[in-house]
Structure formats: C-alpha cells, structure tokens
$ cat run_33.pdb   # PDB, C-alpha atoms
ATOM      1  CA  MET A   1       8.615 -12.179  34.087  1.00  0.00           C
ATOM      2  CA  PRO A   2       5.102 -13.602  34.039  1.00  0.00           C
ATOM      3  CA  LYS A   3       3.601 -14.453  30.667  1.00  0.00           C
ATOM      4  CA  PHE A   4       0.896 -16.724  29.355  1.00  0.00           C
ATOM      5  CA  ARG A   5       2.444 -19.930  28.048  1.00  0.00           C
ATOM      6  CA  THR A   6       2.506 -19.918  24.254  1.00  0.00           C
ATOM      7  CA  MET A   7       5.223 -22.531  23.765  1.00  0.00           C
ATOM      8  CA  ARG A   8       5.212 -26.167  24.847  1.00  0.00           C
ATOM      9  CA  ILE A   9       7.274 -27.252  27.853  1.00  0.00           C
ATOM     10  CA  GLU A  10       9.690 -29.293  25.687  1.00  0.00           C
ATOM     11  CA  THR A  11      10.699 -26.228  23.632  1.00  0.00           C
ATOM     12  CA  PRO A  12      14.497 -25.718  23.595  1.00  0.00           C
ATOM     13  CA  PRO A  13      15.583 -22.858  25.897  1.00  0.00           C
ATOM     14  CA  VAL A  14      16.449 -20.333  23.163  1.00  0.00           C
ATOM     15  CA  ALA A  15      14.782 -17.228  21.775  1.00  0.00           C
ATOM     16  CA  THR A  16      11.881 -18.160  19.503  1.00  0.00           C
ATOM     17  CA  HIS A  17      13.453 -16.635  16.403  1.00  0.00           C
ATOM     18  CA  LEU A  18      16.415 -19.029  16.803  1.00  0.00           C
ATOM     19  CA  LEU A  19      14.255 -22.167  16.557  1.00  0.00           C
ATOM     20  CA  ASP A  20      14.279 -24.031  13.233  1.00  0.00           C
ATOM     21  CA  ASP A  21      10.504 -24.526  13.224  1.00  0.00           C
ATOM     22  CA  PRO A  22       8.954 -22.528  16.075  1.00  0.00           C
ATOM     23  CA  ASP A  23       5.388 -23.295  14.970  1.00  0.00           C
ATOM     24  CA  LYS A  24       5.760 -26.933  16.017  1.00  0.00           C
ATOM     25  CA  TYR A  25       6.351 -25.804  19.627  1.00  0.00           C
ATOM     26  CA  LEU A  26       3.293 -23.546  19.926  1.00  0.00           C
ATOM     27  CA  THR A  27       0.514 -24.480  22.337  1.00  0.00           C
ATOM     28  CA  PRO A  28      -3.004 -24.670  20.884  1.00  0.00           C
ATOM     29  CA  VAL A  29      -3.764 -21.070  21.963  1.00  0.00           C
ATOM     30  CA  GLY A  30      -0.209 -19.833  21.378  1.00  0.00           C
ATOM     31  CA  PRO A  31      -0.748 -18.368  17.902  1.00  0.00           C
ATOM     32  CA  LEU A  32      -3.737 -16.309  19.052  1.00  0.00           C
ATOM     33  CA  LEU A  33      -1.958 -15.041  22.172  1.00  0.00           C
ATOM     34  CA  ARG A  34       1.139 -14.092  20.179  1.00  0.00           C
ATOM     35  CA  ARG A  35      -0.747 -12.515  17.278  1.00  0.00           C
ATOM     36  CA  PHE A  36      -2.227  -9.860  19.543  1.00  0.00           C
ATOM     37  CA  SER A  37       0.651  -9.850  22.109  1.00  0.00           C
ATOM     38  CA  LEU A  38      -1.785 -11.092  24.758  1.00  0.00           C
ATOM     39  CA  ASP A  39       0.954 -13.286  26.206  1.00  0.00           C
ATOM     40  CA  GLU A  40       2.425 -10.047  27.604  1.00  0.00           C
ATOM     41  CA  PHE A  41      -0.724  -9.171  29.590  1.00  0.00           C
ATOM     42  CA  PRO A  42       0.397 -10.819  32.893  1.00  0.00           C
ATOM     43  CA  GLN A  43       3.409  -8.489  32.911  1.00  0.00           C
ATOM     44  CA  LEU A  44       1.071  -5.719  34.057  1.00  0.00           C
ATOM     45  CA  TRP A  45       1.349  -7.356  37.484  1.00  0.00           C
ATOM     46  CA  SER A  46       5.116  -6.836  37.332  1.00  0.00           C
ATOM     47  CA  VAL A  47       4.559  -3.171  36.457  1.00  0.00           C
ATOM     48  CA  LEU A  48       2.245  -2.764  39.457  1.00  0.00           C
ATOM     49  CA  LYS A  49       4.838  -4.435  41.717  1.00  0.00           C
ATOM     50  CA  GLY A  50       7.570  -2.143  40.374  1.00  0.00           C
ATOM     51  CA  ASP A  51       9.656  -4.945  38.864  1.00  0.00           C
ATOM     52  CA  MET A  52       8.966  -3.686  35.342  1.00  0.00           C
ATOM     53  CA  SER A  53       7.981  -0.492  33.584  1.00  0.00           C
ATOM     54  CA  PHE A  54       5.665   0.036  30.645  1.00  0.00           C
ATOM     55  CA  VAL A  55       8.647   1.285  28.603  1.00  0.00           C
ATOM     56  CA  GLY A  56      12.255   0.134  28.866  1.00  0.00           C
ATOM     57  CA  PRO A  57      14.542  -2.511  27.395  1.00  0.00           C
ATOM     58  CA  ARG A  58      12.851  -5.899  27.175  1.00  0.00           C
ATOM     59  CA  PRO A  59      14.166  -8.414  29.713  1.00  0.00           C
ATOM     60  CA  ALA A  60      16.790 -10.775  28.314  1.00  0.00           C
ATOM     61  CA  LEU A  61      16.394 -14.516  28.506  1.00  0.00           C
ATOM     62  CA  TYR A  62      18.663 -16.070  31.124  1.00  0.00           C
ATOM     63  CA  ASN A  63      20.776 -17.643  28.367  1.00  0.00           C
ATOM     64  CA  GLN A  64      21.183 -14.567  26.132  1.00  0.00           C
ATOM     65  CA  ASP A  65      24.735 -13.987  27.314  1.00  0.00           C
ATOM     66  CA  ASP A  66      25.634 -11.836  24.296  1.00  0.00           C
ATOM     67  CA  LEU A  67      22.713  -9.458  24.890  1.00  0.00           C
ATOM     68  CA  ILE A  68      23.370  -9.278  28.627  1.00  0.00           C
ATOM     69  CA  GLU A  69      27.081  -8.605  28.094  1.00  0.00           C
ATOM     70  CA  LEU A  70      26.522  -5.809  25.566  1.00  0.00           C
ATOM     71  CA  ARG A  71      23.844  -4.160  27.711  1.00  0.00           C
ATOM     72  CA  THR A  72      26.064  -4.359  30.784  1.00  0.00           C
ATOM     73  CA  LYS A  73      28.993  -2.706  28.948  1.00  0.00           C
ATOM     74  CA  LYS A  74      26.728   0.233  28.047  1.00  0.00           C
ATOM     75  CA  GLY A  75      25.040   0.480  31.452  1.00  0.00           C
ATOM     76  CA  ILE A  76      21.625  -0.432  30.027  1.00  0.00           C
ATOM     77  CA  HIS A  77      21.230  -3.169  32.633  1.00  0.00           C
ATOM     78  CA  LYS A  78      20.607  -0.394  35.196  1.00  0.00           C
ATOM     79  CA  LEU A  79      17.256   0.470  33.590  1.00  0.00           C
ATOM     80  CA  VAL A  80      14.043  -1.136  34.785  1.00  0.00           C
ATOM     81  CA  PRO A  81      12.959  -3.572  32.052  1.00  0.00           C
ATOM     82  CA  GLY A  82       9.835  -2.724  30.112  1.00  0.00           C
ATOM     83  CA  ILE A  83       6.882  -4.400  28.464  1.00  0.00           C
ATOM     84  CA  THR A  84       7.799  -2.484  25.321  1.00  0.00           C
ATOM     85  CA  GLY A  85      10.787  -0.443  24.266  1.00  0.00           C
ATOM     86  CA  TRP A  86      12.534   1.514  21.554  1.00  0.00           C
ATOM     87  CA  ALA A  87      14.049  -1.662  20.071  1.00  0.00           C
ATOM     88  CA  GLN A  88      10.620  -3.345  19.977  1.00  0.00           C
ATOM     89  CA  VAL A  89       9.007  -0.587  17.946  1.00  0.00           C
ATOM     90  CA  ASN A  90      11.988  -0.479  15.599  1.00  0.00           C
ATOM     91  CA  GLY A  91      12.169  -4.125  14.641  1.00  0.00           C
ATOM     92  CA  ARG A  92      11.496  -6.411  17.587  1.00  0.00           C
ATOM     93  CA  ASP A  93      12.335 -10.018  16.585  1.00  0.00           C
ATOM     94  CA  GLU A  94      13.883  -8.912  13.305  1.00  0.00           C
ATOM     95  CA  LEU A  95      16.805  -7.074  14.926  1.00  0.00           C
ATOM     96  CA  PRO A  96      20.219  -8.656  15.461  1.00  0.00           C
ATOM     97  CA  ILE A  97      21.436  -8.385  19.064  1.00  0.00           C
ATOM     98  CA  PRO A  98      23.998  -5.585  18.448  1.00  0.00           C
ATOM     99  CA  VAL A  99      21.365  -3.437  16.711  1.00  0.00           C
ATOM    100  CA  LYS A 100      18.864  -4.109  19.501  1.00  0.00           C
ATOM    101  CA  VAL A 101      21.460  -2.939  22.012  1.00  0.00           C
ATOM    102  CA  GLU A 102      22.051   0.256  20.014  1.00  0.00           C
ATOM    103  CA  TYR A 103      18.320   1.018  20.212  1.00  0.00           C
ATOM    104  CA  ASP A 104      18.385   0.254  23.935  1.00  0.00           C
ATOM    105  CA  ASP A 105      21.384   2.570  24.303  1.00  0.00           C
ATOM    106  CA  TYR A 106      19.584   5.354  22.436  1.00  0.00           C
ATOM    107  CA  TYR A 107      16.654   4.977  24.820  1.00  0.00           C
ATOM    108  CA  PHE A 108      19.014   4.946  27.817  1.00  0.00           C
ATOM    109  CA  HIS A 109      20.474   8.318  26.805  1.00  0.00           C
ATOM    110  CA  HIS A 110      17.278   9.970  25.531  1.00  0.00           C
ATOM    111  CA  ARG A 111      14.630   8.812  28.033  1.00  0.00           C
ATOM    112  CA  SER A 112      11.796  11.249  28.477  1.00  0.00           C
ATOM    113  CA  PHE A 113       8.077  11.301  29.032  1.00  0.00           C
ATOM    114  CA  LEU A 114       7.531  12.272  25.374  1.00  0.00           C
ATOM    115  CA  LEU A 115       9.726   9.433  24.082  1.00  0.00           C
ATOM    116  CA  ASP A 116       7.850   6.989  26.328  1.00  0.00           C
ATOM    117  CA  MET A 117       4.510   8.256  24.966  1.00  0.00           C
ATOM    118  CA  LYS A 118       5.824   7.887  21.406  1.00  0.00           C
ATOM    119  CA  ILE A 119       6.965   4.317  22.120  1.00  0.00           C
ATOM    120  CA  LEU A 120       3.607   3.401  23.678  1.00  0.00           C
ATOM    121  CA  PHE A 121       1.734   4.843  20.686  1.00  0.00           C
ATOM    122  CA  MET A 122       4.040   3.065  18.230  1.00  0.00           C
ATOM    123  CA  THR A 123       3.619  -0.183  20.184  1.00  0.00           C
ATOM    124  CA  PHE A 124      -0.148   0.084  19.909  1.00  0.00           C
ATOM    125  CA  LEU A 125       0.133   0.574  16.129  1.00  0.00           C
ATOM    126  CA  LYS A 126       2.616  -2.307  15.745  1.00  0.00           C
ATOM    127  CA  VAL A 127       0.354  -4.689  17.693  1.00  0.00           C
ATOM    128  CA  ILE A 128      -2.695  -3.705  15.640  1.00  0.00           C
ATOM    129  CA  LYS A 129      -0.765  -4.096  12.359  1.00  0.00           C
ATOM    130  CA  ARG A 130       1.133  -7.178  13.633  1.00  0.00           C
ATOM    131  CA  GLU A 131       4.444  -5.697  12.499  1.00  0.00           C
ATOM    132  CA  GLY A 132       7.841  -6.915  13.639  1.00  0.00           C
ATOM    133  CA  VAL A 133       6.651 -10.267  14.994  1.00  0.00           C
ATOM    134  CA  LYS A 134       8.121 -13.340  13.380  1.00  0.00           C
ATOM    135  CA  HIS A 135       6.393 -15.954  15.571  1.00  0.00           C
TER     136      HIS A 135
END

$ encode --input "run_33.pdb" --output "structure tokens"
Amino acid sequence: MPKFRTMRIETPPVATHLLDDPDKYLTPVGPLLRRFSLDEFPQLWSVLKGDMSFVGPRPALYNQDDLIELRTKKGIHKLVPGITGWAQVNGRDELPIPVKVEYDDYYFHHRSFLLDMKILFMTFLKVIKREGVKH
C-alpha cells in the first residue's frame, strides 16, 4: 500500500496508536501530511490498478495478527481493501480491534452504492474536522 512516509525509518513496526510517544518518530513533514490525511494520496494509484477501492476495510499491517484473524473468521478478508471505510468514519484510531472488526462486518453485510457514498461524505467531513485521528 503506497503512502507518503510520515514516520522515521527506525520507528518500531507497530500501529502508530500503540507507540508510547509517536510524535518523536514523525518526519519533519509528517504532522502536516497526517493532519490532512495527505499521506493516503498515493493510494489512488492502488485504486486505479484495482488493488484497492475507495471504500472498504482498511488494509491491516503485516503484524496485526489479531485483526487479520478476526477479519478472516468473518470473511471480511475477501473484500478489496479501501482508502476509507465504515470503521474509519466511526472512530478510526480510537477503536479497539474487535469493535473495528464489527464495523467492517457491518459493511461486509450491508455494502451498497448509497452506503459507499455516505462513507465518502463522512470521510470528507472527518478529514476537514480532523476527527478520529490520534497521531
């Protein structure tokens, strides 16, 4: 999943919200890129290639075994990952893994053009208001 680098190379390989002091690992332009979710912009290439969708469950990090396991049990892993998703607009970094999976599962069973449009609109509002982003 291509992204602009916002964290230094020596950052431990865990989700940002699990770091004790994530700010110390940010690159000089990292805060600006993250504030406006500009680090996600290169993922548009993945959408054009068909590897990602605009809406779907966010890709898991390679070491998020708990998230991967729960998604696999519910069949969510079959969905094309998205730049944004139902879990992102309902809490993003603030959600514990099991709750995130429940949102992903809801999306899996209720996918529709209208739900996708709602998620895209909510994403736009969340980015503008900077809601749900811890780092």

$ residues_near_point --input "run_33.pdb" --point "(3.0, -5.4, 18.4)" --cutoff "9 Å" --atoms "only C-alpha atoms" --output "PyMOL selection string"
chain A and resi 35-37+84+88-89+92+122-133

$ closest_residue --input "run_33.pdb" --among "A:Leu61, A:Val55, A:Val47, A:Leu67" --to "Leu79 (chain A)" --atoms "only C-alpha atoms"
A:Val55

$ resolve_selection --input "run_33.pdb" --expression "the PyMOL selection byres ((chain A and resi 83) around 10)" --output "count of residues only"
22

$ atom_distance --input "run_33.pdb" --atom1 "CA of Lys118 (chain A)" --atom2 "CA of Trp86 (chain A)"
9.3 Å

$ atom_distance --input "run_33.pdb" --atom1 "CA of Lys3 (chain A)" --atom2 "CA of Pro42 (chain A)"
5.3 Å

$ closest_residue --input "run_33.pdb" --among "A:Thr27, A:Asn63, A:Ser112, A:Asn90" --to "Val14 (chain A)" --atoms "all atoms listed in the file"
A:Asn63
